[in-house]
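Below is data_12.cif, holding mmCIF, C-alpha atoms.
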```
data_final
#
loop_
_atom_site.label_atom_id
_atom_site.label_comp_id
_atom_site.auth_asym_id
_atom_site.auth_seq_id
_atom_site.Cartn_x
_atom_site.Cartn_y
_atom_site.Cartn_z
CA MET A 1 0.00 0.00 0.00
CA THR A 2 1.45 3.36 -1.01
CA CYS A 3 1.39 6.49 1.12
CA CYS A 4 -1.57 7.74 -0.94
CA GLU A 5 -3.60 4.62 -0.22
CA GLY A 6 -2.49 4.59 3.43
CA TRP A 7 -3.55 8.18 4.04
CA THR A 8 -6.83 7.58 2.21
CA SER A 9 -7.59 4.64 4.50
CA CYS A 10 -6.75 6.69 7.60
CA ASN A 11 -8.82 9.53 6.23
CA GLY A 12 -11.81 7.24 5.87
CA PHE A 13 -11.75 6.19 9.52
CA SER A 14 -11.36 9.81 10.65
CA LEU A 15 -14.30 10.93 8.51
CA LEU A 16 -16.38 8.04 9.83
CA VAL A 17 -15.78 9.12 13.43
CA LEU A 18 -16.55 12.76 12.62
CA LEU A 19 -19.64 11.76 10.66
CA LEU A 20 -21.06 9.79 13.59
CA LEU A 21 -20.11 12.53 16.06
CA GLY A 22 -21.88 15.16 13.95
CA VAL A 23 -25.07 13.10 13.78
CA VAL A 24 -25.04 12.47 17.54
CA LEU A 25 -24.45 16.13 18.38
CA ASN A 26 -27.24 17.24 16.05
CA ALA A 27 -29.60 14.69 17.59
CA ILE A 28 -29.01 15.80 21.20
CA PRO A 29 -31.18 18.96 21.19
CA LEU A 30 -33.81 17.17 19.08
CA ILE A 31 -34.06 14.38 21.65
CA VAL A 32 -34.13 16.84 24.55
CA SER A 33 -36.94 18.68 22.79
CA LEU A 34 -38.98 15.50 22.46
CA ILE A 35 -38.41 14.68 26.12
CA GLU A 36 -39.30 18.14 27.42
CA GLU A 37 -42.12 19.10 25.07
CA ASP A 38 -43.21 15.70 23.77
CA ARG A 39 -43.43 17.13 20.25
CA SER A 40 -41.02 17.68 17.38
CA SER A 41 -42.60 20.78 15.80
CA GLN A 42 -40.93 23.31 18.11
CA ASN A 43 -37.72 23.14 20.07
CA PRO A 44 -37.51 25.12 23.33
CA ILE A 45 -33.70 25.13 23.29
CA SER A 46 -32.89 26.29 19.81
CA CYS A 47 -34.05 25.98 16.23
CA PHE A 48 -30.83 25.86 14.22
CA GLU A 49 -30.58 22.11 14.71
CA TRP A 50 -33.62 21.85 12.43
CA TRP A 51 -31.34 22.94 9.61
CA PHE A 52 -29.60 19.59 10.33
CA PRO A 53 -25.99 20.81 10.17
CA GLY A 54 -24.69 17.59 11.70
CA ILE A 55 -27.10 15.10 10.15
CA ILE A 56 -27.01 16.47 6.59
CA GLY A 57 -23.94 18.72 6.40
CA ALA A 58 -21.41 16.74 8.44
CA GLY A 59 -23.30 13.45 8.07
CA LEU A 60 -25.02 12.50 4.83
CA MET A 61 -22.79 14.64 2.61
CA ALA A 62 -19.70 12.94 4.06
CA ILE A 63 -20.90 9.38 3.43
CA PRO A 64 -19.71 9.05 -0.22
CA ALA A 65 -16.15 10.16 0.55
CA THR A 66 -16.06 8.09 3.75
CA THR A 67 -17.21 4.95 1.96
CA MET A 68 -14.77 5.45 -0.90
CA SER A 69 -11.86 6.13 1.46
CA LEU A 70 -12.59 3.12 3.66
CA THR A 71 -12.36 0.82 0.63
CA ALA A 72 -8.70 1.75 0.33
CA ARG A 73 -7.97 -0.50 3.29
CA LYS A 74 -9.20 -3.51 1.33
CA ARG A 75 -7.59 -2.13 -1.83
CA ALA A 76 -10.85 -2.37 -3.71
CA CYS A 77 -12.01 0.90 -5.28
CA CYS A 78 -9.02 3.06 -4.34
CA ASN A 79 -6.23 0.86 -5.72
CA ASN A 80 -6.43 2.51 -9.12
CA ARG A 81 -6.25 6.03 -10.49
CA THR A 82 -9.95 6.21 -11.18
CA GLY A 83 -10.73 5.31 -7.58
CA MET A 84 -8.36 7.96 -6.26
CA PHE A 85 -9.95 10.54 -8.54
CA LEU A 86 -13.42 9.60 -7.30
CA SER A 87 -12.25 9.90 -3.70
CA SER A 88 -11.13 13.46 -4.47
CA LEU A 89 -14.41 14.24 -6.20
CA PHE A 90 -16.49 12.93 -3.30
CA SER A 91 -14.30 14.86 -0.87
CA VAL A 92 -15.44 18.08 -2.53
CA ILE A 93 -18.99 17.17 -1.46
CA THR A 94 -17.67 16.53 2.05
CA VAL A 95 -16.04 19.96 2.18
CA ILE A 96 -19.26 21.64 1.02
CA GLY A 97 -21.26 19.81 3.69
CA ALA A 98 -18.69 20.63 6.37
CA LEU A 99 -18.78 24.32 5.42
CA TYR A 100 -22.56 24.24 5.69
CA CYS A 101 -22.25 22.70 9.16
CA MET A 102 -19.74 25.38 10.18
CA LEU A 103 -21.87 28.28 8.94
CA ILE A 104 -24.98 27.03 10.74
CA SER A 105 -22.98 26.50 13.93
CA ILE A 106 -21.46 29.98 13.79
CA GLN A 107 -24.89 31.54 13.33
CA ALA A 108 -26.30 29.45 16.19
CA LEU A 109 -23.48 30.42 18.55
CA LEU A 110 -24.00 34.06 17.63
CA GLU A 111 -27.75 34.02 18.30
CA GLY A 112 -27.79 31.77 21.37
CA PRO A 113 -30.71 29.63 22.54
CA LEU A 114 -34.30 30.78 22.05
CA MET A 115 -34.66 31.53 25.75
CA CYS A 116 -32.04 34.26 25.41
CA ASN A 117 -34.00 36.06 22.69
CA SER A 118 -36.40 38.83 23.53
CA GLN A 119 -39.11 37.03 21.53
CA GLY A 120 -38.87 33.92 23.69
CA ASN A 121 -39.43 30.70 21.80
CA SER A 122 -40.21 32.52 18.55
CA THR A 123 -38.28 31.22 15.56
CA ALA A 124 -38.03 34.68 14.00
CA ASN A 125 -34.27 34.80 14.69
CA CYS A 126 -33.64 31.32 13.31
CA GLU A 127 -33.48 32.27 9.66
CA PHE A 128 -30.23 31.25 8.02
CA SER A 129 -28.82 32.77 4.86
CA LEU A 130 -25.47 33.76 3.43
CA LYS A 131 -26.47 37.38 3.99
CA ASN A 132 -26.76 36.72 7.72
CA ILE A 133 -23.28 35.22 7.70
CA SER A 134 -21.81 38.12 5.73
CA ASP A 135 -23.29 40.59 8.22
CA ILE A 136 -21.47 38.99 11.15
CA ARG A 137 -18.76 41.16 12.63
CA LEU A 138 -15.99 39.91 14.87
CA GLU A 139 -17.12 42.10 17.76
CA ASP A 140 -20.60 40.52 17.57
CA PHE A 141 -19.17 37.09 18.26
CA ASN A 142 -18.75 37.63 22.01
CA LEU A 143 -20.98 34.79 23.33
CA ARG A 144 -22.42 37.24 25.85
CA TRP A 145 -25.51 35.05 26.17
CA PHE A 146 -23.28 32.28 27.57
CA PHE A 147 -20.77 34.17 29.67
CA ASN A 148 -23.26 36.46 31.42
CA ASP A 149 -24.83 35.39 34.69
CA SER A 150 -28.19 35.39 32.91
CA CYS A 151 -29.18 35.68 29.29
CA VAL A 152 -32.90 36.09 29.82
CA PRO A 153 -33.74 39.63 28.68
CA PRO A 154 -35.58 41.88 31.14
CA ALA A 155 -39.08 43.11 30.36
CA GLY A 156 -39.06 45.55 27.48
CA SER A 157 -35.61 44.60 26.28
CA LYS A 158 -35.28 44.16 22.52
CA ASN A 159 -31.67 43.06 22.23
CA PRO A 160 -30.54 40.66 24.95
CA THR A 161 -27.01 40.44 23.57
CA SER A 162 -26.29 44.16 23.55
CA ASN A 163 -24.11 45.98 26.02
CA ASP A 164 -27.08 47.20 28.09
CA VAL A 165 -27.40 43.75 29.61
CA THR A 166 -25.70 43.92 32.97
CA ALA A 167 -23.63 41.01 34.18
CA SER A 168 -21.29 40.43 37.05
CA GLY A 169 -19.11 38.18 34.95
CA TRP A 170 -19.30 34.51 34.14
CA ARG A 171 -18.02 31.94 36.61
CA ALA A 172 -17.60 28.31 35.64
CA SER A 173 -18.86 27.17 39.03
CA SER A 174 -22.11 29.12 38.63
CA LEU A 175 -23.27 27.49 35.39
CA HIS A 176 -24.83 24.15 36.25
CA PHE A 177 -27.93 22.20 35.32
CA ASN A 178 -29.74 23.75 38.28
CA SER A 179 -32.13 25.79 36.14
CA GLU A 180 -33.83 25.50 32.78
CA GLU A 181 -31.95 28.54 31.52
CA ASN A 182 -28.55 27.04 32.33
CA GLN A 183 -29.55 23.73 30.80
CA HIS A 184 -30.50 25.42 27.54
CA ARG A 185 -27.33 27.51 27.48
CA LEU A 186 -25.02 24.57 28.17
CA ILE A 187 -26.69 22.26 25.66
CA HIS A 188 -26.80 24.93 22.95
CA PHE A 189 -23.18 25.96 23.51
CA SER A 190 -21.83 22.39 23.71
CA VAL A 191 -23.75 21.12 20.67
CA PHE A 192 -22.92 23.90 18.25
CA LEU A 193 -19.34 24.36 19.41
CA GLY A 194 -18.89 20.63 18.87
CA LEU A 195 -20.50 20.84 15.42
CA LEU A 196 -18.24 23.77 14.56
CA LEU A 197 -15.16 21.72 15.46
CA VAL A 198 -16.50 18.71 13.54
CA GLY A 199 -17.01 20.92 10.49
CA ILE A 200 -13.50 22.36 10.72
CA LEU A 201 -11.92 18.91 10.98
CA GLU A 202 -13.99 17.55 8.10
CA VAL A 203 -12.88 20.47 5.94
CA LEU A 204 -9.23 19.71 6.76
CA PHE A 205 -9.58 15.97 6.08
CA GLY A 206 -11.59 16.64 2.95
CA LEU A 207 -9.04 19.06 1.53
CA SER A 208 -6.20 16.68 2.35
CA GLN A 209 -8.02 13.84 0.56
CA ILE A 210 -8.52 16.03 -2.49
CA VAL A 211 -4.77 16.62 -2.64
CA ILE A 212 -3.92 12.97 -1.96
CA GLY A 213 -6.43 11.80 -4.56
CA PHE A 214 -4.91 13.95 -7.27
CA LEU A 215 -1.43 12.79 -6.27
CA GLY A 216 -2.67 9.21 -6.61
CA CYS A 217 -3.97 10.01 -10.08
CA LEU A 218 -0.68 11.57 -11.14
CA CYS A 219 1.76 9.19 -9.48
CA GLY A 220 -0.27 5.99 -9.56
CA VAL A 221 -0.91 3.51 -6.76
CA SER A 222 0.63 0.22 -5.76
CA LYS A 223 -0.04 -2.93 -7.71
CA ARG A 224 -1.92 -5.74 -6.11
CA ARG A 225 0.33 -8.05 -4.17
CA SER A 226 -0.30 -11.36 -2.55
CA GLN A 227 -0.67 -11.12 1.20
CA ILE A 228 2.20 -12.32 3.35
CA VAL A 229 1.02 -13.95 6.51
#
```

When written as structure tokens, how does the structure in this file appear?
Amino acid sequence: MTCCEGWTSCNGFSLLVLLLLGVVLNAIPLIVSLIEEDRSSQNPISCFEWWFPGIIGAGLMAIPATTMSLTARKRACCNNRTGMFLSSLFSVITVIGALYCMLISIQALLEGPLMCNSQGNSTANCEFSLKNISDIRLEDFNLRWFFNDSCVPPAGSKNPTSNDVTASGWRASSLHFNSEENQHRLIHFSVFLGLLLVGILEVLFGLSQIVIGFLGCLCGVSKRRSQIV
């Protein structure tokens, strides 16, 4: 097995782990919603998981490249130039899905859980578009809804994440599952931070497989040998 085939095989296992992790993370708030509300039409924690960044973006769109890369271990589809080219082509789909997962996660971390919005459980702030992403400024990404003592806006407040929200500073020991608000904040933060990291890693593995696949096309792969026991 050449270095191209070896890295492709390793890449496949890494993508498989990330794929499963993305699906599990995406499913957590959905399951919590079903447990708390006993319905799937509205989620009291958030609403960005309904865009399925982990299930579709980091999950389904990574399956073709993962399957193709895993076959390199058995030297089936990836022991020829055509197979290496297909692994690169499928990795482009993986990168697109991972970018989708990252963009949704960034938007979710910026907005915070529904409880932290002035409109309560309204899904008005859950719209996702490239325009919303392009309007994000670095100073807006302060996670104030998580680091403040409380993110629930006072009566009459229209922007819970603005500077008029007073806070005595966030302490790690003060944020526990002792209230519904803290539960929502911790779950929302953990899920979408995890999905953001999954998306970043999938982009890196996908790009590396694109490069390795083209190298395999140009340089060729090893010929089939008999196994030595």

Worksheet item: Could you state the separation of CA of Gly12 in chain A and CA of Leu197 in chain A in Å, given to one decimal place?
Response: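 Answer for the CA of Gly12 in chain A to CA of Leu197 in chain A separation: 17.7 Å.
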
Item to complete: Find the residues around Phe85 in chain A up to 6 Å (all atoms listed in the file counted), leave out those fewer than 3 positions away in its own chain, and share them as a VMD selection string.
Response: chain A and resid 82 88 213

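A straight line drawn from CA of Leu15 in chain A to CA of Leu201 in chain A is 8.7 Å long.
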
Worksheet item: Which residues come within 8 Å of Leu196 in chain A, counting only C-alpha atoms, excluding same-chain residues fewer than 4 positions away, as a ChimeraX atom specification?
Response: /A:101-102,105-106,192,200

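The protein and nucleic acid residues lying at most 9 Å from Leu16 in chain A are Gly59, Ala62, Ile63, Thr66, Thr67 and Leu70 of chain A, with all atoms listed in the file considered and sequence neighbours fewer than 6 positions away removed.
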
Worksheet entry | Proximity to Thr94 in chain A - best of A:Val23, A:Ile35, A:Leu60, A:Leu109, all atoms listed in the file |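 Smallest separation from Thr94 in chain A among the options: A:Leu60.
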
Fill in: Option closest in space to Val32 in chain A, from A:Met61, A:Ile45, A:Gln107, A:Cys219 [counting only C-alpha atoms]
A:Ile45

Item to complete: Kindly give the distance, in Å, that separates CA of Gly112 in chain A and CA of Asn182 in chain A, rounded to a single decimal.
Response: 12.0 Å

Counting all atoms listed in the file, what is within 12 Å of Ile28 in chain A, bar same-chain residues fewer than 3 positions away, as a PDB file with C-alpha atoms, keeping the file's coordinate frame?
```pdb
ATOM      1  CA  LEU A  21     -20.110  12.530  16.060  1.00  0.00           C
ATOM      2  CA  GLY A  22     -21.880  15.160  13.950  1.00  0.00           C
ATOM      3  CA  VAL A  23     -25.070  13.100  13.780  1.00  0.00           C
ATOM      4  CA  VAL A  24     -25.040  12.470  17.540  1.00  0.00           C
ATOM      5  CA  LEU A  25     -24.450  16.130  18.380  1.00  0.00           C
ATOM      6  CA  ILE A  31     -34.060  14.380  21.650  1.00  0.00           C
ATOM      7  CA  VAL A  32     -34.130  16.840  24.550  1.00  0.00           C
ATOM      8  CA  SER A  33     -36.940  18.680  22.790  1.00  0.00           C
ATOM      9  CA  LEU A  34     -38.980  15.500  22.460  1.00  0.00           C
ATOM     10  CA  ILE A  35     -38.410  14.680  26.120  1.00  0.00           C
ATOM     11  CA  ASN A  43     -37.720  23.140  20.070  1.00  0.00           C
ATOM     12  CA  ILE A  45     -33.700  25.130  23.290  1.00  0.00           C
ATOM     13  CA  SER A  46     -32.890  26.290  19.810  1.00  0.00           C
ATOM     14  CA  GLU A  49     -30.580  22.110  14.710  1.00  0.00           C
ATOM     15  CA  TRP A  50     -33.620  21.850  12.430  1.00  0.00           C
ATOM     16  CA  PHE A  52     -29.600  19.590  10.330  1.00  0.00           C
ATOM     17  CA  GLY A  54     -24.690  17.590  11.700  1.00  0.00           C
ATOM     18  CA  ILE A  55     -27.100  15.100  10.150  1.00  0.00           C
ATOM     19  CA  HIS A 184     -30.500  25.420  27.540  1.00  0.00           C
ATOM     20  CA  LEU A 186     -25.020  24.570  28.170  1.00  0.00           C
ATOM     21  CA  ILE A 187     -26.690  22.260  25.660  1.00  0.00           C
ATOM     22  CA  HIS A 188     -26.800  24.930  22.950  1.00  0.00           C
ATOM     23  CA  PHE A 189     -23.180  25.960  23.510  1.00  0.00           C
ATOM     24  CA  SER A 190     -21.830  22.390  23.710  1.00  0.00           C
ATOM     25  CA  VAL A 191     -23.750  21.120  20.670  1.00  0.00           C
ATOM     26  CA  PHE A 192     -22.920  23.900  18.250  1.00  0.00           C
ATOM     27  CA  GLY A 194     -18.890  20.630  18.870  1.00  0.00           C
ATOM     28  CA  LEU A 195     -20.500  20.840  15.420  1.00  0.00           C
TER      29      LEU A 195
END
```

Fill in: Nearest to Glu180 in chain A by atom-to-atom distance, counting all atoms listed in the file, from A:Leu103, A:Glu36, A:Gly199, A:Asn148
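For Glu180 in chain A, the nearest of the given residues is A:Glu36.
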
Worksheet entry | Residues in the PyMOL selection byres ((chain A and resi 143) around 8), expressed as a PyMOL selection string | chain A and resi 109-110+112+141-142+144-147

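With only C-alpha atoms as the atoms that count, the residue of A:Ser14, A:Ser87, A:Ser69, A:Ser9 with the shortest distance to Val211 in chain A is A:Ser87.
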